[in-house]
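Asker: I am sharing coords.cif, which consists of mmCIF, C-alpha atoms:
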data_target
loop_
_atom_site.label_atom_id
_atom_site.label_comp_id
_atom_site.auth_asym_id
_atom_site.auth_seq_id
_atom_site.Cartn_x
_atom_site.Cartn_y
_atom_site.Cartn_z
CA MET S 85 20.13 -65.73 -87.35
CA GLU S 86 22.92 -67.97 -86.13
CA ASN S 87 25.46 -65.83 -88.01
CA GLN S 88 24.23 -62.75 -86.21
CA GLN S 89 24.68 -64.44 -82.86
CA ASN S 90 28.19 -65.65 -83.73
CA SER S 91 29.23 -62.23 -85.00
CA GLY S 92 28.32 -60.72 -81.63
CA TYR S 93 30.34 -63.43 -79.91
CA ASP S 94 33.31 -62.89 -82.24
CA SER S 95 33.32 -59.14 -81.70
CA SER S 96 33.22 -59.62 -77.91
CA LYS S 97 36.05 -62.15 -78.14
CA ASN S 98 38.13 -59.76 -80.26
CA ARG S 99 37.51 -56.93 -77.80
CA ILE S 100 38.59 -59.11 -74.88
CA ASN S 101 41.74 -60.16 -76.73
CA ARG S 102 42.59 -56.52 -77.52
CA ASP S 103 42.02 -55.54 -73.89
CA ALA S 104 44.26 -58.39 -72.71
CA GLU S 105 47.00 -57.36 -75.14
CA ASP S 106 46.74 -53.73 -74.00
CA PHE S 107 46.95 -54.80 -70.37
CA GLU S 108 50.00 -56.98 -71.07
CA ARG S 109 51.72 -54.16 -72.95
CA GLN S 110 51.03 -51.70 -70.12
CA SER S 111 52.27 -54.12 -67.46
CA ARG S 112 55.53 -54.58 -69.34
CA ASN S 113 56.00 -50.81 -69.65
CA THR S 114 55.33 -50.02 -65.99
CA GLY S 115 58.43 -51.95 -64.93
CA ASN S 116 60.55 -49.27 -66.58
CA GLU S 117 58.73 -46.29 -65.12
CA THR S 118 60.04 -44.47 -62.08
CA TRP S 119 56.85 -42.58 -61.21
CA ASN S 120 56.20 -44.65 -58.09
CA GLN S 121 59.73 -44.66 -56.66
CA THR S 122 60.69 -42.23 -53.91
CA PRO S 123 63.56 -39.88 -54.67
CA PRO S 124 66.85 -40.07 -52.77
CA PRO S 125 67.71 -39.83 -49.88
CA TYR S 126 64.45 -41.29 -48.61
CA ASN S 127 64.73 -44.54 -50.53
CA GLN S 128 67.46 -45.52 -48.04
CA GLU S 129 66.55 -46.74 -44.61
CA ASN S 130 66.25 -43.80 -42.23
CA LYS S 131 66.91 -44.77 -38.61
CA LYS S 132 66.12 -41.42 -37.03
CA ILE S 133 63.17 -42.41 -34.82
CA LEU S 134 64.71 -45.68 -33.65
CA ALA S 135 68.09 -44.11 -32.86
CA GLY S 136 66.47 -41.11 -31.15
CA ILE S 137 64.25 -43.16 -28.84
CA LEU S 138 67.02 -45.61 -28.00
CA GLY S 139 69.35 -42.69 -27.33
CA ILE S 140 66.90 -41.28 -24.79
CA VAL S 141 65.98 -44.59 -23.15
CA LEU S 142 69.21 -46.62 -23.37
CA GLY S 143 71.73 -43.90 -24.20
CA GLY S 144 74.16 -44.97 -21.52
CA PHE S 145 74.63 -48.33 -23.18
CA GLY S 146 75.33 -46.75 -26.57
CA VAL S 147 72.60 -48.74 -28.30
CA HIS S 148 71.78 -45.79 -30.55
CA LYS S 149 75.39 -45.77 -31.74
CA PHE S 150 75.30 -49.46 -32.63
CA ILE S 151 72.01 -48.96 -34.53
CA LEU S 152 73.69 -46.31 -36.69
CA GLY S 153 76.72 -48.52 -37.29
CA TYR S 154 79.15 -46.68 -35.00
CA THR S 155 80.63 -49.65 -33.16
CA GLN S 156 83.69 -47.85 -31.81
CA GLU S 157 81.62 -44.91 -30.53
CA GLY S 158 79.14 -47.35 -28.94
CA ILE S 159 81.90 -49.08 -27.00
CA ILE S 160 83.31 -45.70 -25.90
CA GLN S 161 79.82 -44.71 -24.71
CA ILE S 162 79.58 -47.87 -22.59
CA VAL S 163 83.02 -47.22 -21.07
CA ILE S 164 82.14 -43.58 -20.29
CA THR S 165 78.91 -44.67 -18.58
CA VAL S 166 80.68 -47.31 -16.48
CA VAL S 167 83.57 -45.02 -15.49
CA THR S 168 81.24 -42.18 -14.51
CA CYS S 169 78.85 -44.51 -12.61
CA GLY S 170 76.00 -43.80 -15.02
CA MET S 171 76.43 -40.07 -15.43
CA GLY S 172 77.73 -40.60 -18.98
CA SER S 173 74.24 -41.64 -20.03
CA ILE S 174 73.40 -37.93 -20.23
CA ILE S 175 75.35 -37.91 -23.50
CA GLY S 176 72.95 -40.49 -24.94
CA LEU S 177 69.96 -38.50 -23.73
CA ILE S 178 71.24 -35.34 -25.40
CA GLU S 179 72.06 -37.18 -28.63
CA GLY S 180 68.61 -38.80 -28.70
CA ILE S 181 66.96 -35.40 -28.42
CA ILE S 182 69.22 -33.99 -31.15
CA TYR S 183 68.37 -36.92 -33.45
CA LEU S 184 64.64 -36.40 -33.00
CA THR S 185 64.74 -32.62 -33.54
CA LYS S 186 66.51 -32.85 -36.90
CA THR S 187 64.54 -33.22 -40.12
CA ASP S 188 64.69 -36.59 -41.84
CA GLU S 189 66.95 -35.24 -44.56
CA GLU S 190 69.34 -33.52 -42.12
CA PHE S 191 69.57 -36.66 -39.99
CA TYR S 192 70.20 -38.86 -43.02
CA GLN S 193 72.89 -36.57 -44.44
CA THR S 194 74.62 -35.97 -41.09
CA TYR S 195 74.61 -39.37 -39.42
CA GLN S 196 74.05 -41.95 -42.13
CA VAL S 197 75.89 -40.43 -45.09
CA GLY S 198 78.35 -38.13 -43.29
CA LYS S 199 79.00 -40.63 -40.47
CA LYS S 200 79.23 -37.95 -37.76
CA GLY S 201 79.92 -39.99 -34.62
CA TRP S 202 79.28 -37.53 -31.82
CA PHE S 203 76.64 -34.81 -31.37
#
Any chance you could put this one into structure tokens?
Answerer:
Amino acid sequence: MENQQNSGYDSSKNRINRDAEDFERQSRNTGNETWNQTPPPYNQENKKILAGILGIVLGGFGVHKFILGYTQEGIIQIVITVVTCGMGSIIGLIEGIIYLTKTDEEFYQTYQVGKKGWF
């Protein structure tokens, strides 16, 4: 009777070991799979919403330009706003609206890959 009880224990132990080995093998294989990775260009950081809102709210200060990495254009935007006594901020407003109306892919290709500085 004791042998029958041990055989049940041994079979359960073997099943648990096989399951653990299968799990380990699967976890090693999933590191090489690309099924859960997003395709380009969306795996890059897309700054469309942030740049669009900042363009509308703080467009005169060129903050949206600095967010996109256009330092020279941001400084020019500040100078235009100061020289025109604030009327140059309309440029930022228009650019913010343009940013938000583009699709994510268009925005990414135009402003982050293509580095189009103005409009």
Asker: List the residues selected by the PyMOL selection byres ((chain S and resi 171-181) around 6) in the file shown, writing them as a PDB file with C-alpha atoms, in the frame of the given file.
Answerer:
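Contents of part_23.pdb, as written:
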ATOM      1  CA  GLY S 136      66.470 -41.110 -31.150  1.00  0.00           C
ATOM      2  CA  GLY S 139      69.350 -42.690 -27.330  1.00  0.00           C
ATOM      3  CA  ILE S 140      66.900 -41.280 -24.790  1.00  0.00           C
ATOM      4  CA  GLY S 143      71.730 -43.900 -24.200  1.00  0.00           C
ATOM      5  CA  GLY S 144      74.160 -44.970 -21.520  1.00  0.00           C
ATOM      6  CA  ILE S 164      82.140 -43.580 -20.290  1.00  0.00           C
ATOM      7  CA  THR S 165      78.910 -44.670 -18.580  1.00  0.00           C
ATOM      8  CA  THR S 168      81.240 -42.180 -14.510  1.00  0.00           C
ATOM      9  CA  CYS S 169      78.850 -44.510 -12.610  1.00  0.00           C
ATOM     10  CA  GLY S 170      76.000 -43.800 -15.020  1.00  0.00           C
ATOM     11  CA  ILE S 182      69.220 -33.990 -31.150  1.00  0.00           C
ATOM     12  CA  TYR S 183      68.370 -36.920 -33.450  1.00  0.00           C
ATOM     13  CA  LEU S 184      64.640 -36.400 -33.000  1.00  0.00           C
ATOM     14  CA  PHE S 203      76.640 -34.810 -31.370  1.00  0.00           C
TER      15      PHE S 203
END
Asker: In Å, how far is it from atom CA of Lys131 of chain S to atom CA of Val167 of chain S?
Answerer: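 These two atoms are separated by 28.5 Å.
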Asker: Looking at all atoms listed in the file, which of S:Ile133, S:Val147, S:Ala104, S:Val163 is the one that sits closest to Thr185 of chain S?
Answerer: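 Answer, going by the shortest atom-to-atom distance: S:Ile133.
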Asker: What's the separation between atom CA of Ile160 of chain S and atom CA of Lys199 of chain S, in Å to one decimal place?
Answerer: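 Distance reported for this atom pair: 16.0 Å.
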Asker: Would you compute the distance between atom CA of Trp202 of chain S and atom CA of Leu142 of chain S? Give it in Å to one decimal.
Answerer: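 A separation of 16.0 Å between them.
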Asker: Excluding segment 192-195 of chain S and any residue of its chain fewer than 3 positions from it, enumerate the residues within 8 Å of it, using all atoms listed in the file, and give them as a list of chain:residue names.
Answerer: S:Pro125, S:Asn130, S:Lys132, S:Leu152, S:Asp188, S:Glu189, S:Gly198, S:Lys199, S:Lys200, S:Gly201
